[in-house]
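K.L.:
Here you go, run.txt (compact mmCIF, C-alpha atoms):
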```
# COMPACT_ATOMS: atom_id res chain seq x y z
CA MET O 1 -42.27 16.40 -27.52
CA GLY O 2 -43.02 14.78 -24.15
CA PRO O 3 -44.97 11.53 -23.83
CA GLU O 4 -48.09 13.21 -22.39
CA ASP O 5 -48.41 15.66 -25.29
CA LEU O 6 -47.64 12.92 -27.78
CA HIS O 7 -50.29 10.65 -26.28
CA THR O 8 -52.87 13.44 -26.48
CA ALA O 9 -52.06 14.06 -30.14
CA LEU O 10 -52.22 10.38 -31.10
CA GLN O 11 -55.14 9.15 -29.04
CA ALA O 12 -57.73 10.26 -31.60
CA LEU O 13 -56.08 8.29 -34.39
CA PRO O 14 -57.52 4.85 -35.14
CA LEU O 15 -55.13 1.95 -34.62
CA ILE O 16 -54.06 0.43 -37.90
CA SER O 17 -54.37 -3.33 -38.19
CA HIS O 18 -53.10 -5.55 -40.98
CA PRO O 19 -52.24 -9.25 -41.01
CA HIS O 20 -48.67 -8.43 -42.07
CA LEU O 21 -48.11 -5.64 -39.52
CA ILE O 22 -45.83 -6.99 -36.79
CA ALA O 23 -45.09 -3.76 -34.89
CA GLY O 24 -47.05 -0.56 -35.31
CA MET O 25 -47.68 2.53 -33.22
CA GLU O 26 -49.96 0.91 -30.66
CA HIS O 27 -47.13 -0.03 -28.26
CA ALA O 28 -44.65 2.85 -28.69
CA GLU O 29 -42.06 0.61 -30.34
CA ASP O 30 -38.80 2.06 -31.63
CA ALA O 31 -39.71 1.28 -35.26
CA GLY O 32 -42.43 -0.22 -37.39
CA VAL O 33 -42.10 -3.76 -38.73
CA TYR O 34 -44.05 -5.16 -41.70
CA ARG O 35 -43.81 -8.76 -42.92
CA LEU O 36 -43.11 -9.16 -46.64
CA THR O 37 -42.63 -12.92 -46.77
CA GLU O 38 -42.50 -15.80 -44.31
CA ASP O 39 -38.83 -15.13 -43.61
CA LEU O 40 -38.44 -11.42 -44.35
CA ALA O 41 -39.83 -8.22 -42.81
CA ILE O 42 -38.90 -4.58 -43.26
CA VAL O 43 -38.11 -2.26 -40.37
CA GLN O 44 -38.91 1.44 -40.81
CA THR O 45 -38.12 4.42 -38.62
CA VAL O 46 -37.59 8.18 -38.83
CA ASP O 47 -35.77 10.44 -36.39
CA PHE O 48 -34.46 14.01 -36.57
CA PHE O 49 -33.78 16.81 -34.11
CA THR O 50 -32.09 20.14 -33.48
CA PRO O 51 -28.32 20.31 -32.80
CA ILE O 52 -27.13 19.09 -29.40
CA VAL O 53 -23.45 19.78 -30.13
CA ASP O 54 -21.80 22.82 -31.70
CA ASP O 55 -19.69 21.13 -34.39
CA PRO O 56 -21.76 20.51 -37.58
CA TYR O 57 -19.91 17.33 -38.63
CA THR O 58 -20.31 15.84 -35.16
CA PHE O 59 -23.98 16.79 -35.10
CA GLY O 60 -24.48 14.88 -38.36
CA GLN O 61 -22.80 11.84 -36.84
CA VAL O 62 -24.88 11.99 -33.65
CA ALA O 63 -28.15 12.34 -35.57
CA ALA O 64 -27.34 9.43 -37.89
CA VAL O 65 -26.29 7.13 -35.04
CA ASN O 66 -29.49 8.00 -33.20
CA ALA O 67 -31.73 7.17 -36.16
CA LEU O 68 -29.94 3.91 -36.96
CA SER O 69 -30.27 2.71 -33.37
CA ASP O 70 -34.03 2.34 -33.73
CA VAL O 71 -33.54 -0.42 -36.30
CA TYR O 72 -30.90 -2.13 -34.16
CA ALA O 73 -33.28 -2.04 -31.19
CA MET O 74 -35.85 -4.07 -33.12
CA GLY O 75 -33.27 -6.76 -33.85
CA GLY O 76 -32.95 -5.55 -37.43
CA GLN O 77 -30.20 -4.71 -39.88
CA PRO O 78 -30.37 -1.20 -41.41
CA LEU O 79 -29.92 -1.18 -45.18
CA THR O 80 -30.89 2.20 -46.65
CA ALA O 81 -31.44 5.73 -45.39
CA MET O 82 -32.77 9.08 -46.57
CA ASN O 83 -31.66 12.45 -45.21
CA ILE O 84 -34.18 14.77 -43.55
CA VAL O 85 -33.02 18.39 -43.52
CA CYS O 86 -34.56 21.58 -42.16
CA PHE O 87 -32.13 24.43 -42.79
CA PRO O 88 -32.23 28.25 -42.43
CA VAL O 89 -30.51 28.86 -45.76
CA LYS O 90 -30.82 32.66 -45.45
CA LYS O 91 -29.19 32.72 -42.00
CA MET O 92 -26.50 30.01 -42.13
CA ASP O 93 -23.63 29.28 -44.47
CA ILE O 94 -24.41 26.30 -46.70
CA ALA O 95 -21.00 24.92 -45.74
CA ILE O 96 -22.51 24.10 -42.34
CA LEU O 97 -25.10 21.87 -44.01
CA GLN O 98 -22.38 20.22 -46.07
CA GLN O 99 -20.50 19.27 -42.92
CA ILE O 100 -23.66 17.93 -41.26
CA LEU O 101 -24.40 15.73 -44.27
CA LEU O 102 -20.80 14.50 -44.41
CA GLY O 103 -20.94 13.60 -40.73
CA GLY O 104 -24.16 11.67 -41.21
CA LEU O 105 -22.78 9.90 -44.26
CA SER O 106 -19.67 8.81 -42.38
CA LYS O 107 -21.80 6.88 -39.89
CA MET O 108 -24.02 5.41 -42.59
CA ARG O 109 -20.94 4.06 -44.32
CA GLU O 110 -19.62 2.67 -41.04
CA ALA O 111 -22.96 0.91 -40.55
CA GLY O 112 -22.99 -0.47 -44.10
CA VAL O 113 -26.05 1.62 -44.93
CA THR O 114 -26.68 3.07 -48.40
CA LEU O 115 -27.88 6.68 -48.67
CA VAL O 116 -30.59 6.72 -51.35
CA GLY O 117 -31.87 10.30 -51.18
CA GLY O 118 -33.64 12.66 -48.84
CA HIS O 119 -35.89 15.66 -48.40
CA SER O 120 -35.13 19.24 -47.39
CA VAL O 121 -37.15 22.29 -46.40
CA GLU O 122 -36.17 25.82 -45.53
CA ASP O 123 -36.79 26.38 -41.84
CA ASP O 124 -35.90 29.00 -39.23
CA GLU O 125 -34.42 26.28 -37.01
CA LEU O 126 -31.82 23.76 -38.08
CA LYS O 127 -32.82 20.10 -37.84
CA TYR O 128 -31.30 16.93 -39.25
CA GLY O 129 -31.91 13.21 -39.14
CA LEU O 130 -32.68 10.12 -41.16
CA SER O 131 -35.46 7.91 -42.37
CA VAL O 132 -34.06 4.39 -42.17
CA THR O 133 -35.21 1.09 -43.69
CA GLY O 134 -33.89 -2.26 -42.54
CA ILE O 135 -34.72 -5.94 -42.55
CA VAL O 136 -35.36 -8.59 -39.91
CA HIS O 137 -36.70 -12.13 -39.80
CA PRO O 138 -40.38 -11.95 -38.71
CA ASP O 139 -39.76 -14.47 -35.93
CA LYS O 140 -36.76 -12.59 -34.56
CA VAL O 141 -38.26 -9.14 -34.02
CA LEU O 142 -37.46 -7.68 -30.61
CA ARG O 143 -40.00 -5.39 -28.94
CA ASN O 144 -39.93 -3.21 -25.86
CA ARG O 145 -42.70 -5.28 -24.22
CA GLY O 146 -41.27 -8.79 -24.06
CA ALA O 147 -39.37 -8.64 -20.75
CA ARG O 148 -39.78 -11.68 -18.49
CA ALA O 149 -39.20 -12.32 -14.81
CA GLY O 150 -35.57 -13.26 -14.28
CA ASP O 151 -34.21 -11.28 -17.23
CA ARG O 152 -31.12 -9.16 -16.71
CA LEU O 153 -31.15 -5.54 -17.84
CA ILE O 154 -28.15 -4.65 -20.01
CA LEU O 155 -27.15 -1.13 -21.09
CA THR O 156 -24.92 -0.92 -24.18
CA LYS O 157 -23.88 2.66 -23.34
CA PRO O 158 -23.61 4.80 -20.22
CA LEU O 159 -26.36 7.29 -19.42
CA GLY O 160 -26.10 11.05 -19.03
CA THR O 161 -25.26 12.44 -22.47
CA GLY O 162 -28.05 15.02 -22.31
CA ILE O 163 -27.17 16.17 -18.81
CA ALA O 164 -23.47 16.29 -19.70
CA SER O 165 -24.10 18.46 -22.78
CA THR O 166 -26.34 20.79 -20.82
CA ALA O 167 -23.83 21.03 -17.98
CA VAL O 168 -21.04 22.06 -20.37
CA LYS O 169 -23.22 24.71 -22.01
CA ALA O 170 -24.08 26.06 -18.54
CA ASN O 171 -20.36 26.21 -17.63
CA MET O 172 -20.89 23.62 -14.90
CA ALA O 173 -18.49 21.11 -16.44
CA GLY O 174 -15.44 21.03 -18.67
CA GLU O 175 -14.75 19.93 -22.21
CA ALA O 176 -13.46 16.54 -21.03
CA LEU O 177 -16.99 15.60 -19.97
CA LEU O 178 -18.36 16.74 -23.32
CA ALA O 179 -15.74 14.68 -25.16
CA LYS O 180 -16.85 11.55 -23.30
CA SER O 181 -20.46 12.33 -24.13
CA ILE O 182 -19.69 12.82 -27.83
CA ARG O 183 -17.76 9.55 -28.03
CA CYS O 184 -20.80 7.81 -26.64
CA MET O 185 -23.28 9.55 -28.94
CA THR O 186 -21.21 8.87 -32.07
CA THR O 187 -20.68 5.16 -31.35
CA LEU O 188 -22.95 2.89 -33.36
CA ASN O 189 -24.94 0.17 -31.63
CA LYS O 190 -24.02 -2.10 -34.53
CA THR O 191 -21.68 -4.41 -32.61
CA ALA O 192 -24.01 -4.55 -29.60
CA ALA O 193 -26.92 -5.42 -31.91
CA GLU O 194 -24.95 -8.17 -33.61
CA LEU O 195 -24.07 -9.70 -30.25
CA MET O 196 -27.67 -9.38 -29.11
CA THR O 197 -29.18 -11.07 -32.14
CA ALA O 198 -26.64 -13.89 -31.92
CA THR O 199 -27.56 -14.56 -28.30
CA CYS O 200 -30.41 -16.84 -27.31
CA GLY O 201 -32.80 -15.74 -24.60
CA VAL O 202 -33.04 -12.01 -25.38
CA HIS O 203 -36.71 -11.20 -24.86
CA ALA O 204 -36.96 -7.40 -25.21
CA CYS O 205 -34.99 -4.37 -26.30
CA THR O 206 -35.46 -0.62 -26.57
CA ASP O 207 -33.44 2.42 -27.57
CA ILE O 208 -33.05 4.91 -24.71
CA THR O 209 -33.50 8.35 -26.25
CA GLY O 210 -36.12 11.08 -25.88
CA PHE O 211 -38.02 9.77 -22.84
CA GLY O 212 -34.83 9.01 -20.94
CA PHE O 213 -33.77 5.90 -19.05
CA LEU O 214 -36.70 5.99 -16.65
CA GLY O 215 -39.34 6.74 -19.24
CA HIS O 216 -38.26 3.83 -21.43
CA ALA O 217 -37.88 1.61 -18.36
CA CYS O 218 -41.50 2.31 -17.49
CA GLU O 219 -42.58 1.40 -21.03
CA MET O 220 -40.71 -1.88 -20.79
CA ALA O 221 -42.11 -2.70 -17.35
CA ALA O 222 -45.69 -1.90 -18.37
CA GLY O 223 -45.43 -3.69 -21.71
CA GLY O 224 -44.04 -6.86 -20.18
CA GLY O 225 -46.21 -6.83 -17.07
CA VAL O 226 -43.10 -7.04 -14.90
CA THR O 227 -41.28 -5.07 -12.23
CA LEU O 228 -37.84 -3.68 -13.02
CA LEU O 229 -35.46 -3.57 -10.06
CA LEU O 230 -32.86 -0.90 -10.82
CA LYS O 231 -29.75 -0.55 -8.66
CA ARG O 232 -28.22 2.90 -8.87
CA ALA O 233 -24.68 1.71 -8.21
CA ALA O 234 -24.87 -0.64 -11.20
CA VAL O 235 -26.03 2.03 -13.68
CA PRO O 236 -23.11 3.39 -15.77
CA VAL O 237 -23.19 7.18 -16.00
CA ILE O 238 -21.00 9.59 -17.96
CA GLY O 239 -19.24 12.02 -15.64
CA ALA O 240 -19.53 9.94 -12.50
CA ASN O 241 -17.04 12.26 -10.77
CA PHE O 242 -18.99 15.42 -11.58
CA SER O 243 -20.74 16.86 -8.51
CA LEU O 244 -23.76 19.17 -8.30
CA ASP O 245 -25.67 20.75 -5.50
CA GLY O 246 -29.46 20.45 -5.41
CA THR O 247 -30.19 23.77 -7.12
CA GLN O 248 -27.78 23.06 -9.98
CA ALA O 249 -29.14 19.59 -10.56
CA LEU O 250 -32.71 20.84 -10.64
CA ALA O 251 -31.72 23.52 -13.15
CA LEU O 252 -30.05 20.96 -15.39
CA LEU O 253 -33.04 18.65 -15.23
CA LYS O 254 -35.32 21.47 -16.33
CA ASP O 255 -32.95 22.51 -19.14
CA ALA O 256 -32.69 18.93 -20.31
CA GLY O 257 -36.46 18.75 -20.63
CA ASP O 258 -36.94 15.76 -18.34
CA PHE O 259 -38.04 17.28 -15.06
CA ASP O 260 -41.65 18.10 -15.93
CA TRP O 261 -42.16 14.57 -17.24
CA VAL O 262 -40.63 13.03 -14.13
CA ALA O 263 -42.48 15.27 -11.71
CA GLY O 264 -45.80 14.63 -13.40
CA ARG O 265 -45.58 10.85 -13.27
CA ALA O 266 -43.88 9.83 -10.05
CA ARG O 267 -43.12 10.73 -6.45
CA ILE O 268 -39.64 12.19 -6.13
CA ASN O 269 -37.78 11.75 -2.85
CA LEU O 270 -35.10 14.38 -3.36
CA ALA O 271 -34.00 17.14 -1.00
CA LEU O 272 -33.85 19.76 -3.71
CA GLY O 273 -32.72 22.51 -1.36
CA GLY O 274 -29.73 20.56 -0.10
CA SER O 275 -26.57 19.18 -1.57
CA TRP O 276 -26.02 15.63 -2.72
CA GLY O 277 -22.26 16.11 -2.40
CA GLY O 278 -21.70 13.07 -4.61
CA PRO O 279 -21.26 12.05 -8.21
CA LEU O 280 -23.68 13.00 -10.95
CA ASP O 281 -25.50 9.68 -10.83
CA ASP O 282 -26.26 10.30 -7.13
CA ALA O 283 -27.80 13.63 -8.06
CA ILE O 284 -29.86 12.45 -10.99
CA LEU O 285 -30.50 8.79 -10.32
CA PRO O 286 -30.74 8.02 -6.60
CA GLN O 287 -31.96 4.50 -5.93
CA GLN O 288 -35.21 5.48 -4.20
CA PHE O 289 -36.03 7.79 -7.11
CA LEU O 290 -35.64 4.94 -9.58
CA ILE O 291 -37.81 2.58 -7.56
CA ASP O 292 -40.53 5.19 -7.07
CA TYR O 293 -40.54 6.04 -10.77
CA VAL O 294 -41.00 2.46 -11.89
CA ARG O 295 -43.73 2.11 -9.28
CA VAL O 296 -45.89 4.32 -11.50
CA TYR O 297 -46.51 1.16 -13.50
CA GLN O 298 -45.54 -1.67 -11.17
CA GLN O 299 -45.53 -2.41 -7.46
CA LYS O 300 -42.20 -2.38 -5.68
CA PRO O 301 -40.94 -5.97 -5.34
CA ASP O 302 -40.96 -7.58 -1.89
```
Would you put the structure from the file into C-alpha cells?

P.N.:
Amino acid sequence: MGPEDLHTALQALPLISHPHLIAGMEHAEDAGVYRLTEDLAIVQTVDFFTPIVDDPYTFGQVAAVNALSDVYAMGGQPLTAMNIVCFPVKKMDIAILQQILLGGLSKMREAGVTLVGGHSVEDDELKYGLSVTGIVHPDKVLRNRGARAGDRLILTKPLGTGIASTAVKANMAGEALLAKSIRCMTTLNKTAAELMTATCGVHACTDITGFGFLGHACEMAAGGGVTLLLKRAAVPVIGANFSLDGTQALALLKDAGDFDWVAGRARINLALGGSWGGPLDDAILPQQFLIDYVRVYQQKPD
C-alpha cells in the first residue's frame, strides 16, 4: 500500500500516548518501542508480503530478512519471531509452504532469533512474513527523525532490488542481475546493526523498503528538519551496467509500484521519450530527480 492510501486509512485513528511508549505510529517509524524498565525496552514489528522471487526457500529467506531489519533499524536486537502465513492450500502443494518456512527459519537461526509460533490463514494469494520482538536500551533507540546537519548518509546495501527483479521478469535483464539482487535481499543487516550501535554519533536510522530510497529519505529529512544532499554517483545500485531506454525505464517504474508515488509528490525532470543511454542508476536516480524529490519537504541547499 502506498503512503498516500496508508495516510488516509490511518488519519482517523487517535494517536496513542503512554508514558512508556518510546516510538509509536505517529512518526512512521520502522517498529514500535515500549519501555519495560529504566534500562530495557521491547521492539515490536510485523512485516509480510507476496513472493518477489520464484524459489520458495529463497522467498522465505527474503521475507525473514526484511522483517528482522525493522528491529535492527531501531538499534535493537531481535530475539523472537512468529510466522505469518497466507496460503492457497487448495491450489498449491504444501511442500511449497514447507520450503518457505525452512527458508525463513534459516535466517532466524543465522540472526540468533527463536521461532516461538505463528498464525496461518487460507488465502487465494500466497503471503509470508514475520512478527518480530526484540530488545533495546531505552536511551539507545534510533529513529528515522533524528538526523542532524553535518551527518553522513550511509547505505548498508545497494539499491535496486525491486527494479532488478522486475527487469528479469520482463526479460530485460539476465539471471546474473537477479542473483546479485537475491544475495542482497538475503543478507541480514545484523553485522551492520552491530557496527552501528557500537559507533558513537549515529543520530538516525531507517530501513529502506516499501516506500523506496526517496520515500524514506523524505521521511528522514522531514522528521529531522534537515535537507538531504544526495549525489547520484555515490549511490550504490545493483546492476549499474544495465541500460534502459526511457520507455523501458518508465514501464519498470510502473511495474515496481513506485512511479505513481513519485509522480504525485515531486517534479520529475526526465526526458521519458528519449534514451538515457547509461547505467540503471542514471535511468532511475538522476541527480536532479533526487534533489527535486527531497525538495518536497526541504529547500534545496545553497

K.L.:
Which residue, O:Gly24, O:Gly201, O:Pro51, O:Gly134, has the smallest gap to Gln77 of chain O when you use only C-alpha atoms?

P.N.:
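With only C-alpha atoms as the atom set, the closest residue is O:Gly134.
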
K.L.:
For a test of reading the model, state the distance in Å between atom CA of Thr191 of chain O and atom CA of Glu110 of chain O, rounded to one decimal.

P.N.:
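Between atom CA of Thr191 of chain O and atom CA of Glu110 of chain O the gap works out to 11.2 Å.
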
K.L.:
When you count only C-alpha atoms, which of these residues is closest to Lys90 of chain O: O:Phe59, O:Glu122, O:Gly75, O:Leu102?

P.N.:
O:Glu122

K.L.:
Please compute the atom CA of His18 of chain O-atom CA of Ile42 of chain O distance, one decimal, in Å.

P.N.:
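So the two atoms, atom CA of His18 of chain O and atom CA of Ile42 of chain O, lie 14.4 Å apart.
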
K.L.:
Using all atoms listed in the file, which protein or nucleic acid residues come within 9 Å of Asn83 of chain O? Drop anything in the same chain fewer than 4 positions from it, and give the result as a list in words.

P.N.:
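Neighbouring residues, sequence-local ones excluded: Leu101, Gly104, Leu115, Val116, Gly117, Gly118, His119, Ser120, Tyr128, Gly129, Leu130, Ser131 and Val132 of chain O.
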
K.L.:
Of the residues O:Pro78, O:Pro138, O:Gly225, O:Pro236, which is the one nearest to Glu194 of chain O, using all atoms listed in the file?

P.N.:
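Going through O:Pro78, O:Pro138, O:Gly225, O:Pro236 one by one, the smallest distance to Glu194 of chain O is for O:Pro78.
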
K.L.:
Leaving out Arg152 of chain O and any residue of its chain fewer than 3 positions from it, which residues lie within 12 Å of it when counting all atoms listed in the file, given as a PyMOL selection string?

P.N.:
chain O and resi 147-149+155+201-205+227-231+234

K.L.:
State, in Å with one decimal place, the distance from atom CA of Leu126 of chain O to atom CA of Ala67 of chain O.

P.N.:
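So the two atoms, atom CA of Leu126 of chain O and atom CA of Ala67 of chain O, lie 16.7 Å apart.
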
K.L.:
Write out as number ranges by chain the residues lying within 7 Å of Phe87 of chain O, counting all atoms listed in the file and excluding same-chain residues fewer than 5 positions away.

P.N.:
O: 121-127

K.L.:
Deliver the residues from the most recent selection as a file, using C-alpha atoms, as a PDB file, keeping the file's coordinate frame.

P.N.:
```
ATOM      1  CA  VAL O 121     -37.150  22.290 -46.400  1.00  0.00           C
ATOM      2  CA  GLU O 122     -36.170  25.820 -45.530  1.00  0.00           C
ATOM      3  CA  ASP O 123     -36.790  26.380 -41.840  1.00  0.00           C
ATOM      4  CA  ASP O 124     -35.900  29.000 -39.230  1.00  0.00           C
ATOM      5  CA  GLU O 125     -34.420  26.280 -37.010  1.00  0.00           C
ATOM      6  CA  LEU O 126     -31.820  23.760 -38.080  1.00  0.00           C
ATOM      7  CA  LYS O 127     -32.820  20.100 -37.840  1.00  0.00           C
TER       8      LYS O 127
END
```

K.L.:
Tell me which protein, DNA and RNA residues are within 10 Å of Gly174 of chain O, counting all atoms listed in the file, leaving out same-chain ones fewer than 6 positions away, and put them as a PyMOL selection string.

P.N.:
chain O and resi 164-165+167-168+242

K.L.:
For Lys140 of chain O, list every protein, DNA or RNA residue within 9 Å, evaluated using only C-alpha atoms, and leave out those in the same chain fewer than 6 positions away; present the list as a PyMOL selection string.

P.N.:
chain O and resi 74-76+197

K.L.:
Okay, now the selection with C-alpha atoms, as a short mmCIF file (atom, residue, chain, number, x, y, z; two decimals), keeping the file's coordinate frame?

P.N.:
```cif
data_model
loop_
_atom_site.label_atom_id
_atom_site.label_comp_id
_atom_site.auth_asym_id
_atom_site.auth_seq_id
_atom_site.Cartn_x
_atom_site.Cartn_y
_atom_site.Cartn_z
CA MET O 74 -35.85 -4.07 -33.12
CA GLY O 75 -33.27 -6.76 -33.85
CA GLY O 76 -32.95 -5.55 -37.43
CA THR O 197 -29.18 -11.07 -32.14
#
```

K.L.:
Which residue out of O:Ser106, O:Thr133, O:Asn66, O:Gln11 has the minimum interatomic distance to Ala41 of chain O when only C-alpha atoms are used?

P.N.:
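Counting only C-alpha atoms, the residue closest to Ala41 of chain O is O:Thr133.
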
K.L.:
Around segment 2-19 of chain O, with edges along x, y and z and 6 Å added on all six sides, what centre and edge lengths do you get, in Å to one decimal, as lines of an AutoDock Vina configuration file?

P.N.:
```
center_x = -50.4
center_y = 3.2
center_z = -31.7
size_x = 26.7
size_y = 36.9
size_z = 30.6
```

K.L.:
Mind rebuilding segment 1-22 of chain O with N, CA and C atoms and writing that out as an mmCIF file, in the frame of the given file?

P.N.:
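See out25.cif below for the written result:
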```
data_model
loop_
_atom_site.group_PDB
_atom_site.id
_atom_site.type_symbol
_atom_site.label_atom_id
_atom_site.label_comp_id
_atom_site.auth_asym_id
_atom_site.auth_seq_id
_atom_site.Cartn_x
_atom_site.Cartn_y
_atom_site.Cartn_z
ATOM 1 N N MET O 1 -40.933 16.374 -28.102
ATOM 2 C CA MET O 1 -42.270 16.400 -27.520
ATOM 3 C C MET O 1 -42.347 15.335 -26.417
ATOM 4 N N GLY O 2 -42.901 15.704 -25.271
ATOM 5 C CA GLY O 2 -43.020 14.780 -24.150
ATOM 6 C C GLY O 2 -44.081 13.728 -24.386
ATOM 7 N N PRO O 3 -44.034 12.637 -23.616
ATOM 8 C CA PRO O 3 -44.970 11.530 -23.830
ATOM 9 C C PRO O 3 -46.430 11.905 -23.586
ATOM 10 N N GLU O 4 -46.704 12.818 -22.658
ATOM 11 C CA GLU O 4 -48.090 13.210 -22.390
ATOM 12 C C GLU O 4 -48.682 13.941 -23.596
ATOM 13 N N ASP O 5 -47.922 14.917 -24.123
ATOM 14 C CA ASP O 5 -48.410 15.660 -25.290
ATOM 15 C C ASP O 5 -48.546 14.739 -26.502
ATOM 16 N N LEU O 6 -47.584 13.847 -26.655
ATOM 17 C CA LEU O 6 -47.640 12.920 -27.780
ATOM 18 C C LEU O 6 -48.851 11.999 -27.673
ATOM 19 N N HIS O 7 -49.118 11.511 -26.475
ATOM 20 C CA HIS O 7 -50.290 10.650 -26.280
ATOM 21 C C HIS O 7 -51.578 11.380 -26.612
ATOM 22 N N THR O 8 -51.668 12.653 -26.200
ATOM 23 C CA THR O 8 -52.870 13.440 -26.480
ATOM 24 C C THR O 8 -53.064 13.614 -27.984
ATOM 25 N N ALA O 9 -51.965 13.853 -28.697
ATOM 26 C CA ALA O 9 -52.060 14.060 -30.140
ATOM 27 C C ALA O 9 -52.453 12.790 -30.880
ATOM 28 N N LEU O 10 -52.007 11.638 -30.376
ATOM 29 C CA LEU O 10 -52.220 10.380 -31.100
ATOM 30 C C LEU O 10 -53.480 9.634 -30.702
ATOM 31 N N GLN O 11 -54.046 9.970 -29.556
ATOM 32 C CA GLN O 11 -55.140 9.150 -29.040
ATOM 33 C C GLN O 11 -56.388 9.157 -29.915
ATOM 34 N N ALA O 12 -56.561 10.207 -30.726
ATOM 35 C CA ALA O 12 -57.730 10.260 -31.600
ATOM 36 C C ALA O 12 -57.555 9.464 -32.888
ATOM 37 N N LEU O 13 -56.320 9.037 -33.156
ATOM 38 C CA LEU O 13 -56.080 8.290 -34.390
ATOM 39 C C LEU O 13 -56.505 6.829 -34.224
ATOM 40 N N PRO O 14 -57.157 6.269 -35.225
ATOM 41 C CA PRO O 14 -57.520 4.850 -35.140
ATOM 42 C C PRO O 14 -56.284 3.973 -35.261
ATOM 43 N N LEU O 15 -56.239 2.890 -34.502
ATOM 44 C CA LEU O 15 -55.130 1.950 -34.620
ATOM 45 C C LEU O 15 -55.230 1.213 -35.944
ATOM 46 N N ILE O 16 -54.108 1.083 -36.601
ATOM 47 C CA ILE O 16 -54.060 0.430 -37.900
ATOM 48 C C ILE O 16 -53.778 -1.057 -37.699
ATOM 49 N N SER O 17 -54.603 -1.888 -38.278
ATOM 50 C CA SER O 17 -54.370 -3.330 -38.190
ATOM 51 C C SER O 17 -54.212 -3.900 -39.591
ATOM 52 N N HIS O 18 -53.328 -4.868 -39.704
ATOM 53 C CA HIS O 18 -53.100 -5.550 -40.980
ATOM 54 C C HIS O 18 -52.449 -6.882 -40.650
ATOM 55 N N PRO O 19 -52.805 -7.928 -41.338
ATOM 56 C CA PRO O 19 -52.240 -9.250 -41.010
ATOM 57 C C PRO O 19 -50.724 -9.314 -41.129
ATOM 58 N N HIS O 20 -50.122 -8.411 -41.895
ATOM 59 C CA HIS O 20 -48.670 -8.430 -42.070
ATOM 60 C C HIS O 20 -47.958 -7.430 -41.148
ATOM 61 N N LEU O 21 -48.720 -6.625 -40.412
ATOM 62 C CA LEU O 21 -48.110 -5.640 -39.520
ATOM 63 C C LEU O 21 -47.674 -6.315 -38.221
ATOM 64 N N ILE O 22 -46.371 -6.345 -37.979
ATOM 65 C CA ILE O 22 -45.830 -6.990 -36.790
ATOM 66 C C ILE O 22 -45.701 -5.997 -35.638
#
```
